[in-house]
Amino acid sequence: MSELAVSTRIREIYSSTYEGESTWRTLGAIDKVKNILDLCSPIPHGRILEIGSGEGAILKRLSDLKFGDELFSIEISESAVATIQSRAITGVRECRLFDGYHIPYDDRQFELAVLSHVVEHTEYPRMLLREAARVAKYVFVEVPLEDTIRLKPDFVFDSVGHINFYSWNTIRQLIQTCELRVLVQVTTNPSRAVYQFCSGGKGTLNYAIKEILLRASQKLATRLFTYHCSILCTRSSG
């Protein structure tokens with residue numbers, strides 16, 4: 001088990017993905033960080049570890065909002081580590097390369113571990129979630145809810161790199177199988193600005209339809225369309 005690491009194919013996808021800053025990821029980080037703050041503001045969050053930081057968009061947003069006294073980052077991508085280090089983000093104490101599963105920190109070194117849009121990319125999600133819970137008292141997880149009626153029956157590997165597809169129930173149960181207790185779970189719709197960035201005027205309409213449907217019936221909405229699901233959890237043993 002000690003030799004378990006991210007497969008070559010997965011690693012190749014991200015080897016040069018995060019070279020430089022991205023307008024798309026910077027925009028997306030606004031919603032993602034809002035969800036982190038909404039769920040995690042009531043708990044201790046002085047030392048935060050982000051697992052799978054990409055180019056550092058979430059770290060930058062957390063730093064700008066002064067959420068967390070010390071921010072740490074681990075990544076499987078050398079280009080991501082290089083980019084984050086070059087950005088010299090205020091509050092980021094360290095950014096390290098890791099093998100994707102064995103977190104290079106001692107037990108309970110952090111108050112909060114953040115895995116925002118990471119678990120859907122992970123070949124062995126339970127191992128990573130258990131590691132996150134080992135080093136942090138609280139764990140925040142966000143994934144897209146892509147297990148809808150639109151999900152194709154056959155898997156096709158693509159450049160996005162999603163290899164796990166979750167519903168509201170299955171992501172909750174995955175976390176619970178890691179001996180973690182769910183404290184809060186919410187479903188959100190990305191902001192209008194995200195839809196407009198992707199599709200212009202059509203994006204505005206798509207946003208409005210999904211927002212209305214989510215407010216009317218979360219169960220129906222998440223069967224028809226992809227939303228984001230955020231969960232704050234902690235070790236079952238406390």
# chains A, B, ... in the order shown; residues from 1 in each chain; ligands from 1
>>> select_by_dssp(residues="stretch 61-167 of chain A", states="alpha helix (DSSP H)", output="PyMOL selection string")
chain A and resi 61-64+78-87+125-135
>>> residues_around(residues="stretch 194-207 of chain A", least_positions_apart="4", cutoff="8 Å", atoms="only C-alpha atoms", output="list in words")
Trp24, Leu27, Gly28, Asn189, Pro190 and Glu211 of chain A
>>> write_last_selection(atoms="N, CA and C atoms", output="tab-separated table (two decimals), in the first residue's frame")
chain	number	residue	atom	x	y	z
A	24	TRP	N	-10.77	31.63	-16.06
A	24	TRP	CA	-11.86	30.71	-15.75
A	24	TRP	C	-11.76	30.20	-14.32
A	27	LEU	N	-12.45	33.00	-11.75
A	27	LEU	CA	-13.88	33.25	-11.63
A	27	LEU	C	-14.56	32.14	-10.83
A	28	GLY	N	-14.22	30.89	-11.14
A	28	GLY	CA	-14.82	29.77	-10.43
A	28	GLY	C	-14.49	29.76	-8.94
A	189	ASN	N	-25.83	26.24	-6.94
A	189	ASN	CA	-25.75	26.50	-8.37
A	189	ASN	C	-24.62	27.50	-8.60
A	190	PRO	N	-23.68	27.24	-9.49
A	190	PRO	CA	-22.65	28.25	-9.78
A	190	PRO	C	-23.29	29.59	-10.14
A	211	GLU	N	-31.53	27.70	-11.43
A	211	GLU	CA	-31.74	28.32	-10.12
A	211	GLU	C	-33.19	28.16	-9.67
>>> residues_around(residues="A:Arg87", least_positions_apart="5", cutoff="10 Å", atoms="only C-alpha atoms", output="ChimeraX atom specification")
/A:20-21,55-56,60,82,92
>>> select_by_dssp(residues="chain A", states="strand (DSSP E or B)", output="PyMOL selection string")
chain A and resi 47-51+70-75+92-97+110-116+136-144+180-188+228-235
>>> write_last_selection(atoms="N, CA and C atoms", output="compact mmCIF listing (two decimals), in the first residue's frame")
# COMPACT_ATOMS: atom_id res chain seq x y z
N ARG A 47 -5.27 27.23 10.59
CA ARG A 47 -4.33 26.55 9.70
C ARG A 47 -5.12 25.70 8.73
N ILE A 48 -5.01 26.03 7.46
CA ILE A 48 -5.79 25.37 6.41
C ILE A 48 -4.86 24.70 5.42
N LEU A 49 -5.16 23.45 5.09
CA LEU A 49 -4.44 22.73 4.04
C LEU A 49 -5.37 22.53 2.86
N GLU A 50 -5.00 23.06 1.70
CA GLU A 50 -5.75 22.76 0.49
C GLU A 50 -5.06 21.62 -0.25
N ILE A 51 -5.82 20.58 -0.52
CA ILE A 51 -5.32 19.39 -1.21
C ILE A 51 -5.78 19.47 -2.66
N GLU A 70 -2.83 30.74 8.32
CA GLU A 70 -1.76 30.12 7.56
C GLU A 70 -2.37 29.15 6.55
N LEU A 71 -1.96 29.28 5.30
CA LEU A 71 -2.46 28.43 4.23
C LEU A 71 -1.32 27.53 3.73
N PHE A 72 -1.65 26.26 3.53
CA PHE A 72 -0.70 25.28 3.01
C PHE A 72 -1.33 24.59 1.80
N SER A 73 -0.48 24.07 0.92
CA SER A 73 -0.98 23.47 -0.31
C SER A 73 -0.15 22.25 -0.67
N ILE A 74 -0.83 21.19 -1.17
CA ILE A 74 -0.13 20.05 -1.76
C ILE A 74 -0.76 19.74 -3.11
N GLU A 75 0.07 19.30 -4.04
CA GLU A 75 -0.35 19.09 -5.41
C GLU A 75 0.43 17.92 -6.04
N VAL A 92 0.19 32.05 2.23
CA VAL A 92 0.61 30.69 1.87
C VAL A 92 2.00 30.44 2.44
N ARG A 93 2.06 29.52 3.38
CA ARG A 93 3.33 29.23 4.04
C ARG A 93 4.15 28.20 3.28
N GLU A 94 3.45 27.28 2.60
CA GLU A 94 4.18 26.21 1.93
C GLU A 94 3.32 25.59 0.84
N CYS A 95 3.94 25.23 -0.27
CA CYS A 95 3.28 24.47 -1.33
C CYS A 95 4.22 23.33 -1.71
N ARG A 96 3.72 22.09 -1.57
CA ARG A 96 4.57 20.93 -1.76
C ARG A 96 3.98 19.97 -2.79
N LEU A 97 4.87 19.25 -3.46
CA LEU A 97 4.49 18.17 -4.36
C LEU A 97 4.25 16.92 -3.51
N PHE A 110 -3.49 20.44 11.09
CA PHE A 110 -4.34 21.50 10.56
C PHE A 110 -5.71 21.46 11.21
N GLU A 111 -6.36 22.59 11.18
CA GLU A 111 -7.74 22.64 11.67
C GLU A 111 -8.72 22.29 10.55
N LEU A 112 -8.35 22.61 9.32
CA LEU A 112 -9.26 22.38 8.20
C LEU A 112 -8.48 21.92 6.98
N ALA A 113 -8.96 20.85 6.34
CA ALA A 113 -8.44 20.41 5.04
C ALA A 113 -9.52 20.65 4.00
N VAL A 114 -9.13 21.17 2.85
CA VAL A 114 -10.07 21.51 1.78
C VAL A 114 -9.77 20.67 0.54
N LEU A 115 -10.79 19.95 0.07
CA LEU A 115 -10.70 19.24 -1.20
C LEU A 115 -11.83 19.75 -2.08
N SER A 116 -11.57 20.80 -2.81
CA SER A 116 -12.60 21.43 -3.65
C SER A 116 -12.42 20.98 -5.09
N ALA A 136 -6.19 16.76 9.62
CA ALA A 136 -7.04 17.92 9.96
C ALA A 136 -8.25 17.49 10.78
N LYS A 137 -8.69 18.36 11.66
CA LYS A 137 -9.86 18.06 12.48
C LYS A 137 -11.14 18.09 11.65
N TYR A 138 -11.22 19.04 10.72
CA TYR A 138 -12.39 19.17 9.84
C TYR A 138 -11.96 19.03 8.39
N VAL A 139 -12.85 18.47 7.58
CA VAL A 139 -12.58 18.29 6.15
C VAL A 139 -13.75 18.87 5.36
N PHE A 140 -13.42 19.75 4.41
CA PHE A 140 -14.42 20.32 3.50
C PHE A 140 -14.24 19.66 2.14
N VAL A 141 -15.34 19.16 1.59
CA VAL A 141 -15.31 18.50 0.28
C VAL A 141 -16.36 19.14 -0.62
N GLU A 142 -15.97 19.46 -1.85
CA GLU A 142 -16.96 19.90 -2.84
C GLU A 142 -16.74 19.13 -4.13
N VAL A 143 -17.85 18.65 -4.71
CA VAL A 143 -17.81 17.93 -5.98
C VAL A 143 -18.97 18.38 -6.85
N PRO A 144 -18.85 18.21 -8.17
CA PRO A 144 -20.02 18.40 -9.02
C PRO A 144 -20.92 17.17 -8.94
N LEU A 180 -16.17 9.26 8.67
CA LEU A 180 -16.34 10.69 8.83
C LEU A 180 -17.82 10.99 9.05
N ARG A 181 -18.07 11.98 9.87
CA ARG A 181 -19.44 12.39 10.20
C ARG A 181 -19.77 13.67 9.45
N VAL A 182 -20.85 13.64 8.69
CA VAL A 182 -21.28 14.82 7.93
C VAL A 182 -21.93 15.81 8.89
N LEU A 183 -21.40 17.03 8.90
CA LEU A 183 -21.95 18.09 9.75
C LEU A 183 -22.92 18.97 8.98
N VAL A 184 -22.56 19.31 7.75
CA VAL A 184 -23.40 20.15 6.89
C VAL A 184 -23.24 19.67 5.46
N GLN A 185 -24.33 19.66 4.71
CA GLN A 185 -24.27 19.33 3.29
C GLN A 185 -25.22 20.25 2.54
N VAL A 186 -24.72 20.94 1.54
CA VAL A 186 -25.55 21.87 0.78
C VAL A 186 -25.31 21.68 -0.72
N THR A 187 -26.34 22.00 -1.48
CA THR A 187 -26.27 21.97 -2.95
C THR A 187 -26.38 23.40 -3.45
N THR A 188 -25.47 23.78 -4.36
CA THR A 188 -25.48 25.15 -4.88
C THR A 188 -25.39 25.15 -6.39
N HIS A 228 -23.36 21.84 -7.74
CA HIS A 228 -22.22 21.58 -6.87
C HIS A 228 -22.72 21.19 -5.49
N CYS A 229 -22.02 20.23 -4.86
CA CYS A 229 -22.39 19.79 -3.52
C CYS A 229 -21.21 20.01 -2.59
N SER A 230 -21.44 20.73 -1.50
CA SER A 230 -20.39 21.01 -0.51
C SER A 230 -20.73 20.32 0.80
N ILE A 231 -19.71 19.70 1.39
CA ILE A 231 -19.90 18.97 2.65
C ILE A 231 -18.79 19.33 3.63
N LEU A 232 -19.18 19.62 4.86
CA LEU A 232 -18.24 19.78 5.94
C LEU A 232 -18.38 18.55 6.84
N CYS A 233 -17.25 17.91 7.13
CA CYS A 233 -17.30 16.71 7.94
C CYS A 233 -16.14 16.67 8.93
N THR A 234 -16.23 15.72 9.87
CA THR A 234 -15.19 15.55 10.86
C THR A 234 -15.12 14.07 11.22
N ARG A 235 -14.08 13.67 11.90
CA ARG A 235 -13.92 12.27 12.27
C ARG A 235 -15.07 11.84 13.18
>>> closest_residue(among="A:Ser217, A:Asn164, A:Lys66, A:Asp38", to="A:Glu123", atoms="only C-alpha atoms")
A:Asn164
